[in-house]
Amino acid sequence: MNVDSIGPISEVDMNFRLDISFRQYWLDERLKFNDSFEPLTVNHKFLERIWQPDTYFPESYEAKKQIVMVPNILLRIDPDGSVLYSSRVTIIAKCPMLLIFFPMDIQKCSLIIEAYGYTSKDLILRWGRGNKSVEYVKENLQLAQFTFIKFEIKQYFLQFSTGNFSDLEVTFMFQRSLIYFIIQTYVPATLIVILSWVNFWVNRQSVPARASLAITTVLTMITLMGATNSSLPRVSSIKALDIYFGICFLYVFGALVEFALICYFNKPRYAPSPKSKKTNSSKKDKSKPQKPNHNGLLSMKNPFSLVKQDDESSVFKRHVRSSTEIDIQIPPNPLSSEIESADNCQVEKSVDPDPIKRKRHRRRLRRRRRVVDVSKIDLYSRIMFPLTYIIICISYWLVYSGVAQ
């Protein structure tokens, strides 16, 4: 077998194309002739008149003999009855691929040769010259995404319900070229992750800038993942490239989550000041109507409130109308001292509550006034994100490159 060319190799269809010069030798004593003659080269139509092996390629989708101007077939008969039958064949064969280590994988594509009707009792297939039976020119095996490494040959028998058959197998090993995927996938994914880290240096008050940058990097990462996987078969196994994309997506999404935390903790949450409490309580006191106590008198927290009560008296009104400068003398009220003492008691009770309640109240105030320092979140992110990403990437390349080999 002389390998003229290999390729392309398709991951989507799981097959490969092979152009070979397929040579078969056998001995038919019925074709002996005088030794004085040279070996005879006859026309390919002579094949219909002699016996020939019924070999075929069982793991192929398509196999056809080439016809370039004329059928590319050589038939030669030696004086001792040896027959050489050579033909150029184009084969599209199966190539099951294990894509767990993609794109750092090594693939094996096999070509199997088998007799279709003759069992091992009638026909046995062998490689005529061992490893030299497969010939190739290394320059003719240049592939776009693969590098040809070596080949292996086997010969064995397979048992079927129709009998025992002889088989030959040649396995071609290819290593995927990583440069294409580094340029098209690994470098863009890494740059997108680095671009998401720019968020940590943008001012936290610039919410639109940080939001647009974080969302854009996430969407770009999703687009890159979809575009790369669209050219690959939909397999259930997780590929090495999928793991790297998952790592990059987690870091990009983590930058978006960090931005959300910054927005959440950047809201100032202060407790209401004592002045606002006093104003609110005074408004409430003014809005509430005064109720008389059990003696029929209005409750007063300020002794000067008597002025307001006496304002409604007619005597006070007459004095105000008669002159512009009036010295108002309010007679001492015997109940004012009692009211004043009662007010003092109320104030002391409000200032000096239960110690346990007072501690709880202070804790609530501290929690309300506590504000998270969002600058520390950005500071930690600037250090932790790049550091952990570098460590994970180094581990990723060491593990997968070693296991793939």
# chains A, B, ... in the order shown; residues from 1 in each chain; ligands from 1
>>> select_by_dssp(residues="range 48-245 of chain A", states="helix (DSSP H, G or I)", output="MDAnalysis selection string")
chainID A and resid 48:49 130:133 138:141 179:201 207:229 240:245
>>> residues_around(residues="Pro53 in chain A", least_positions_apart="6", cutoff="9 Å", atoms="only C-alpha atoms", output="PyMOL selection string")
chain A and resi 24+26+115-116+118+123
>>> closest_residue(among="A:Ala63, A:Val68, A:Ile179, A:Leu232", to="Ala93 in chain A", atoms="only C-alpha atoms")
A:Ala63
>>> closest_residue(among="A:Pro208, A:Pro39, A:Gly117, A:Pro58", to="Ser82 in chain A", atoms="only C-alpha atoms")
A:Pro39
>>> closest_residue(among="A:Val134, A:Ile247, A:Val218, A:Leu256", to="Ile391 in chain A", atoms="only C-alpha atoms")
A:Ile247
>>> residues_around(residues="Thr228 in chain A", least_positions_apart="6", cutoff="10 Å", atoms="only C-alpha atoms", output="list in words")
Phe181, Gln184, Thr185, Leu241 and Asp242 of chain A
>>> residues_around(residues="Ala211 in chain A", least_positions_apart="6", cutoff="10 Å", atoms="only C-alpha atoms", output="ChimeraX atom specification")
/A:199,256,259-260
>>> residues_around(residues="Gly128 in chain A", least_positions_apart="5", cutoff="12 Å", atoms="only C-alpha atoms", output="list in words")
Met1, Arg23, Gln24, Tyr25, Trp26, Ser133, Val134, Ile153, Gln155 and Leu168 of chain A
>>> closest_residue(among="A:Met69, A:Leu47, A:Val170, A:Ala227", to="Asn2 in chain A", atoms="only C-alpha atoms")
A:Val170
